[in-house]
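Q: Contents of work_39.txt (compact mmCIF, C-alpha atoms):
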# COMPACT_ATOMS: atom_id res chain seq x y z
CA GLN A 1 -108.09 9.25 -57.66
CA GLN A 2 -104.61 9.10 -56.20
CA GLN A 3 -103.44 6.03 -58.09
CA VAL A 4 -100.95 5.85 -60.88
CA LYS A 5 -101.44 2.74 -63.00
CA GLN A 6 -98.33 1.35 -64.67
CA SER A 7 -97.94 -1.31 -67.34
CA PRO A 8 -96.56 -3.74 -68.25
CA GLN A 9 -95.49 -5.42 -65.05
CA SER A 10 -92.50 -6.95 -66.81
CA LEU A 11 -90.85 -6.46 -70.17
CA ILE A 12 -88.21 -8.34 -72.13
CA VAL A 13 -86.48 -6.55 -74.98
CA GLN A 14 -83.65 -7.49 -77.28
CA LYS A 15 -80.49 -5.39 -77.19
CA GLY A 16 -80.91 -2.43 -79.49
CA GLY A 17 -84.69 -2.53 -79.30
CA ILE A 18 -87.12 0.04 -77.92
CA SER A 19 -88.55 -0.39 -74.43
CA ILE A 20 -91.89 1.29 -73.78
CA ILE A 21 -93.51 1.62 -70.35
CA ASN A 22 -96.87 3.28 -69.86
CA CYS A 23 -98.54 5.06 -66.96
CA ALA A 24 -101.99 6.54 -66.48
CA TYR A 25 -103.35 8.80 -63.77
CA GLU A 26 -106.69 10.23 -62.71
CA ASN A 27 -105.87 13.25 -60.57
CA THR A 28 -105.73 16.28 -62.87
CA ALA A 29 -103.96 18.23 -60.13
CA PHE A 30 -100.77 16.25 -60.75
CA ASP A 31 -98.27 18.46 -62.51
CA TYR A 32 -94.91 16.74 -62.18
CA PHE A 33 -94.20 13.27 -63.52
CA PRO A 34 -90.80 11.72 -62.79
CA TRP A 35 -89.49 8.32 -63.77
CA TYR A 36 -87.23 6.44 -61.41
CA GLN A 37 -84.81 3.61 -62.15
CA GLN A 38 -84.07 1.07 -59.46
CA PHE A 39 -81.40 -1.62 -59.57
CA PRO A 40 -81.63 -4.62 -57.23
CA GLY A 41 -80.60 -3.71 -53.72
CA LYS A 42 -80.47 -0.01 -54.50
CA GLY A 43 -82.72 2.96 -53.95
CA PRO A 44 -84.70 4.56 -56.77
CA ALA A 45 -82.78 7.14 -58.78
CA LEU A 46 -84.38 9.90 -60.80
CA LEU A 47 -84.05 9.19 -64.51
CA ILE A 48 -86.08 11.87 -66.24
CA ALA A 49 -89.11 14.01 -65.43
CA ILE A 50 -91.71 16.06 -67.26
CA ARG A 51 -94.29 18.73 -66.57
CA PRO A 52 -97.61 18.77 -68.44
CA ASP A 53 -96.87 21.96 -70.36
CA VAL A 54 -94.75 19.93 -72.81
CA SER A 55 -95.68 16.82 -74.74
CA GLU A 56 -92.23 15.28 -74.92
CA LYS A 57 -88.89 15.43 -73.19
CA LYS A 58 -85.75 13.67 -74.32
CA GLU A 59 -82.52 13.02 -72.48
CA GLY A 60 -80.10 10.81 -74.34
CA ARG A 61 -81.75 7.49 -75.06
CA PHE A 62 -84.64 8.20 -72.68
CA THR A 63 -87.81 10.01 -73.79
CA ILE A 64 -91.00 10.81 -71.92
CA SER A 65 -94.14 11.27 -73.99
CA PHE A 66 -97.01 13.03 -72.26
CA ASN A 67 -100.67 13.10 -73.32
CA LYS A 68 -102.49 15.51 -71.06
CA SER A 69 -105.97 14.92 -72.50
CA ALA A 70 -105.64 11.16 -72.09
CA LYS A 71 -103.91 11.54 -68.72
CA GLN A 72 -101.19 9.19 -69.81
CA PHE A 73 -97.43 9.34 -70.01
CA SER A 74 -94.85 6.87 -71.15
CA LEU A 75 -91.14 6.20 -71.03
CA HIS A 76 -89.32 5.15 -74.18
CA ILE A 77 -85.83 3.71 -73.97
CA MET A 78 -84.20 3.74 -77.39
CA ASP A 79 -81.39 1.35 -78.31
CA SER A 80 -81.97 -0.60 -75.10
CA GLN A 81 -78.86 -2.06 -73.49
CA PRO A 82 -78.35 -4.91 -71.00
CA GLY A 83 -77.24 -2.27 -68.50
CA ASP A 84 -80.74 -0.80 -68.66
CA SER A 85 -82.10 -3.95 -67.02
CA ALA A 86 -83.75 -2.64 -63.87
CA THR A 87 -87.15 -1.84 -62.40
CA TYR A 88 -88.69 1.40 -63.59
CA PHE A 89 -91.25 3.37 -61.62
CA CYS A 90 -93.37 6.22 -62.82
CA ALA A 91 -94.59 8.72 -60.28
CA ALA A 92 -96.73 11.81 -60.01
CA THR A 93 -97.05 14.68 -57.61
CA THR A 94 -98.56 18.13 -57.29
CA SER A 95 -96.74 21.44 -56.94
CA GLY A 96 -96.70 22.56 -53.35
CA THR A 97 -96.95 19.04 -52.02
CA TYR A 98 -94.36 16.46 -51.26
CA LYS A 99 -96.03 13.10 -51.76
CA TYR A 100 -94.93 11.12 -54.74
CA ILE A 101 -97.54 8.63 -55.90
CA PHE A 102 -95.66 5.76 -57.46
CA GLY A 103 -96.74 3.22 -60.02
CA THR A 104 -96.26 -0.45 -59.23
CA GLY A 105 -93.12 -0.76 -61.32
CA THR A 106 -91.99 -2.46 -64.52
CA ARG A 107 -89.21 -4.98 -64.42
CA LEU A 108 -87.20 -4.57 -67.63
CA LYS A 109 -84.80 -7.18 -68.90
CA VAL A 110 -82.70 -6.42 -71.95
CA LEU A 111 -81.24 -9.50 -73.57
CA ALA A 112 -77.69 -9.33 -74.86
CA ASN B 1 -71.25 15.33 -51.04
CA ALA B 2 -72.50 12.05 -49.69
CA GLY B 3 -75.93 10.93 -50.70
CA VAL B 4 -78.77 9.97 -48.41
CA MET B 5 -77.39 7.48 -45.91
CA GLN B 6 -79.56 4.83 -44.39
CA ASN B 7 -78.59 2.26 -41.80
CA PRO B 8 -78.67 -0.49 -41.24
CA ARG B 9 -78.95 -1.82 -44.79
CA HIS B 10 -80.44 -5.06 -43.53
CA LEU B 11 -82.26 -5.64 -40.27
CA VAL B 12 -83.68 -8.86 -38.93
CA ARG B 13 -86.07 -8.76 -36.01
CA ARG B 14 -88.16 -11.37 -34.27
CA ARG B 15 -91.88 -10.77 -33.94
CA GLY B 16 -92.57 -8.43 -31.03
CA GLN B 17 -89.19 -6.70 -31.10
CA GLU B 18 -88.57 -3.08 -32.00
CA ALA B 19 -86.98 -1.90 -35.23
CA ARG B 20 -85.17 1.43 -35.51
CA LEU B 21 -84.26 2.67 -38.96
CA ARG B 22 -81.97 5.66 -39.42
CA CYS B 23 -81.70 8.17 -42.22
CA SER B 24 -79.15 10.94 -42.63
CA PRO B 25 -80.27 13.32 -45.38
CA MET B 26 -77.97 14.86 -47.92
CA LYS B 27 -75.99 17.84 -46.71
CA GLY B 28 -78.11 20.96 -46.84
CA HIS B 29 -81.38 19.03 -47.00
CA SER B 30 -83.87 19.68 -44.25
CA HIS B 31 -86.84 17.76 -45.65
CA VAL B 32 -87.08 14.02 -45.15
CA TYR B 33 -89.60 11.53 -46.47
CA TRP B 34 -90.07 7.89 -45.60
CA TYR B 35 -91.51 5.37 -48.06
CA ARG B 36 -92.23 1.67 -47.71
CA GLN B 37 -91.85 -0.81 -50.54
CA LEU B 38 -93.50 -4.16 -50.15
CA PRO B 39 -92.24 -7.02 -52.33
CA GLU B 40 -93.25 -6.61 -55.97
CA GLU B 41 -94.97 -3.30 -55.24
CA GLY B 42 -94.25 0.36 -55.72
CA LEU B 43 -93.20 2.75 -53.02
CA LYS B 44 -95.89 4.02 -50.67
CA PHE B 45 -95.55 7.34 -48.86
CA MET B 46 -95.44 7.09 -45.09
CA VAL B 47 -94.36 10.37 -43.52
CA TYR B 48 -92.83 13.75 -44.28
CA LEU B 49 -90.69 15.53 -41.71
CA GLN B 50 -88.74 18.70 -41.38
CA LYS B 51 -86.32 19.34 -38.55
CA GLU B 52 -88.18 18.74 -35.28
CA ASN B 53 -91.56 18.70 -37.04
CA ILE B 54 -93.81 16.06 -38.52
CA ILE B 55 -95.49 17.70 -41.47
CA ASP B 56 -97.59 14.84 -42.79
CA GLU B 57 -97.90 11.34 -41.36
CA SER B 58 -101.00 10.36 -43.30
CA GLY B 59 -99.29 7.27 -44.72
CA MET B 60 -98.16 5.91 -41.39
CA PRO B 61 -100.04 3.04 -39.77
CA LYS B 62 -101.90 4.35 -36.74
CA GLU B 63 -100.26 2.00 -34.30
CA ARG B 64 -96.70 0.86 -33.63
CA PHE B 65 -95.07 3.24 -36.14
CA SER B 66 -93.50 6.57 -35.28
CA ALA B 67 -90.97 8.91 -36.86
CA GLU B 68 -88.82 11.78 -35.73
CA PHE B 69 -86.26 14.16 -37.17
CA PRO B 70 -84.47 15.83 -34.27
CA LYS B 71 -82.56 19.06 -34.45
CA GLU B 72 -79.33 17.11 -34.30
CA GLY B 73 -78.82 13.67 -35.75
CA PRO B 74 -80.57 11.45 -38.24
CA SER B 75 -84.24 10.90 -38.83
CA ILE B 76 -85.52 7.76 -37.12
CA LEU B 77 -88.37 5.51 -38.19
CA ARG B 78 -89.39 3.34 -35.27
CA ILE B 79 -91.55 0.26 -35.47
CA GLN B 80 -92.63 -1.26 -32.20
CA GLN B 81 -93.72 -4.87 -31.71
CA VAL B 82 -92.93 -5.81 -35.30
CA VAL B 83 -95.06 -8.35 -37.13
CA ARG B 84 -94.30 -10.38 -40.25
CA GLY B 85 -96.33 -7.97 -42.37
CA ASP B 86 -93.82 -5.21 -41.54
CA SER B 87 -91.20 -7.01 -43.63
CA ALA B 88 -90.40 -4.60 -46.44
CA ALA B 89 -87.82 -2.22 -47.78
CA TYR B 90 -87.99 1.18 -46.13
CA PHE B 91 -86.61 4.07 -48.14
CA CYS B 92 -85.76 7.51 -46.96
CA ALA B 93 -85.56 10.47 -49.33
CA SER B 94 -84.47 14.03 -48.76
CA SER B 95 -84.81 17.32 -50.56
CA PRO B 96 -83.50 20.84 -49.99
CA ARG B 97 -87.06 22.13 -49.81
CA GLY B 98 -90.56 20.79 -49.90
CA GLY B 99 -92.91 21.44 -52.73
CA GLY B 100 -93.09 18.49 -55.09
CA ALA B 101 -92.70 19.68 -58.64
CA ASP B 102 -89.15 20.35 -59.72
CA THR B 103 -87.94 19.56 -56.24
CA GLU B 104 -86.10 16.34 -56.73
CA ALA B 105 -86.15 13.95 -53.84
CA PHE B 106 -82.98 11.88 -53.53
CA PHE B 107 -83.45 8.37 -52.22
CA GLY B 108 -81.19 6.35 -49.98
CA GLN B 109 -80.40 2.70 -50.60
CA GLY B 110 -83.03 1.57 -48.15
CA THR B 111 -83.23 -0.65 -45.11
CA ARG B 112 -84.54 -4.12 -45.74
CA LEU B 113 -86.42 -5.26 -42.69
CA THR B 114 -87.13 -8.94 -42.25
CA VAL B 115 -89.35 -10.06 -39.40
CA VAL B 116 -88.94 -13.71 -38.47
Kindly return the structure encoded in the file as structure tokens.
A:
Amino acid sequence: QQQVKQSPQSLIVQKGGISIINCAYENTAFDYFPWYQQFPGKGPALLIAIRPDVSEKKEGRFTISFNKSAKQFSLHIMDSQPGDSATYFCAATTSGTYKYIFGTGTRLKVLA
Amino acid sequence: NAGVMQNPRHLVRRRGQEARLRCSPMKGHSHVYWYRQLPEEGLKFMVYLQKENIIDESGMPKERFSAEFPKEGPSILRIQQVVRGDSAAYFCASSPRGGGADTEAFFGQGTRLTVV
């Protein structure tokens, strides 16, 4: 119930391509879904987040698509760059709480 | 405004020793969270503290682990009698208020604990 399932585990994309990472959840009480980017040796940094009252949110080259009925959300990275190579984590939490439930991460490598 | 500061960045302990991990939250933040990241896994919630109070320690192992956030000074995660399975990256996050949604938690760079 509390899990967030993330796929794929790893992803290789050519420079300029689209990177797509998917997450699925079970707990319908979740109402905040952030994505974090983590570079080796660093802490996770918030990339973009969405609430379930919208189906899509875009910030620059990063877009979250949200499907409430399917309980799925995904991160799209347009025009992927080598500098985007990092591990990406989806997460979910519930208003009024403080626990982020993280996915297991996707290691993205963008080839130059 | 400095970010969340964790020290040490790397810590090596022999089995049976104690590990003390420190976290100074961002200025103005009074809510601190500790997460553990095992190799090739996501972050797992351990404990949530406010100044001088443990709010939720449901993710903490029952034995050997403790956390505090005193009125003055950093938050401390303490692991007694470390075992090899404690080897992980421990991340601290802070926020200006609790509440989850729309309350961004800022993460530190982590302490990588290696038990030999």
Q: If we count all atoms listed in the file, which residues of chain A reach to within 12 Å of chain B? Please list them as a VMD selection string.
A: chain A and resid 2 to 6 9 to 10 29 to 52 87 to 107
Q: Could you check which of B:Met5, B:Leu38, B:Ile54, B:Cys23 is closest to B:Ser66, using all atoms listed in the file?
A: B:Ile54
Q: Atom CA of B:Val12 to atom CA of A:Ala86: how many Å, to one decimal?
A: 25.7 Å
Q: B:Pro61, B:Pro8, B:Gly16, B:Pro39: which is nearest B:Ala88, counting all atoms listed in the file?
A: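 The shortest atom-to-atom distance to B:Ala88 comes from B:Pro39.
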Q: Nearest to B:Gln81: which of B:Lys62, B:Lys27, B:Arg15, B:Lys51 is it, counting only C-alpha atoms?
A: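 When distances to B:Gln81 are compared using only C-alpha atoms, the smallest one comes from B:Arg15.
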Q: If we count all atoms listed in the file and set the cut-off at 12 Å, which residues sit around B:Arg13, ignoring sequence neighbours fewer than 6 positions away in its own chain? Please answer as a PyMOL selection string.
A: chain B and resi 19-21+79-84+86-87+112-116
Q: For those residues, write C-alpha atoms to a file as an mmCIF file, keeping the file's coordinate frame.
A:
data_model
loop_
_atom_site.group_PDB
_atom_site.id
_atom_site.type_symbol
_atom_site.label_atom_id
_atom_site.label_comp_id
_atom_site.auth_asym_id
_atom_site.auth_seq_id
_atom_site.Cartn_x
_atom_site.Cartn_y
_atom_site.Cartn_z
ATOM 1 C CA ALA B 19 -86.980 -1.900 -35.230
ATOM 2 C CA ARG B 20 -85.170 1.430 -35.510
ATOM 3 C CA LEU B 21 -84.260 2.670 -38.960
ATOM 4 C CA ILE B 79 -91.550 0.260 -35.470
ATOM 5 C CA GLN B 80 -92.630 -1.260 -32.200
ATOM 6 C CA GLN B 81 -93.720 -4.870 -31.710
ATOM 7 C CA VAL B 82 -92.930 -5.810 -35.300
ATOM 8 C CA VAL B 83 -95.060 -8.350 -37.130
ATOM 9 C CA ARG B 84 -94.300 -10.380 -40.250
ATOM 10 C CA ASP B 86 -93.820 -5.210 -41.540
ATOM 11 C CA SER B 87 -91.200 -7.010 -43.630
ATOM 12 C CA ARG B 112 -84.540 -4.120 -45.740
ATOM 13 C CA LEU B 113 -86.420 -5.260 -42.690
ATOM 14 C CA THR B 114 -87.130 -8.940 -42.250
ATOM 15 C CA VAL B 115 -89.350 -10.060 -39.400
ATOM 16 C CA VAL B 116 -88.940 -13.710 -38.470
#
Q: Which residues, written as a PyMOL selection string, have at least one atom at most 7 Å from A:Ile77, with only C-alpha atoms counted and residues fewer than 5 positions away on the same chain left out?
A: chain A and resi 18-20+61-63
Q: State, in Å with one decimal place, the distance from atom CA of B:Pro25 to atom CA of B:Gln50.
A: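 According to the coordinates, atom CA of B:Pro25 and atom CA of B:Gln50 are separated by 10.8 Å.
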Q: What does the distance from atom CA of A:Ser65 to atom CA of A:Asp53 come to in Å, to one decimal?
A: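 We find that atom CA of A:Ser65 and atom CA of A:Asp53 lie 11.6 Å from each other.
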Q: With distances taken over only C-alpha atoms, which residue among A:Glu26, A:Ser85, A:Leu108, A:Gly16 lies nearest A:Ala70?
A: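 Of the candidates, the smallest distance to A:Ala70 is held by A:Glu26.
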Q: Give me, as number ranges by chain, all polymer residues having an atom no more than 7 Å from B:Arg22, counting all atoms listed in the file and skipping those fewer than 4 positions away in the same chain.
A: B: 6-7, 74-77
Q: Can you tell me, as a PyMOL selection string, what residues are no more than 8 Å from A:Gly17 when counting only C-alpha atoms, ignoring any on the same chain fewer than 6 positions away?
A: chain A and resi 78-80
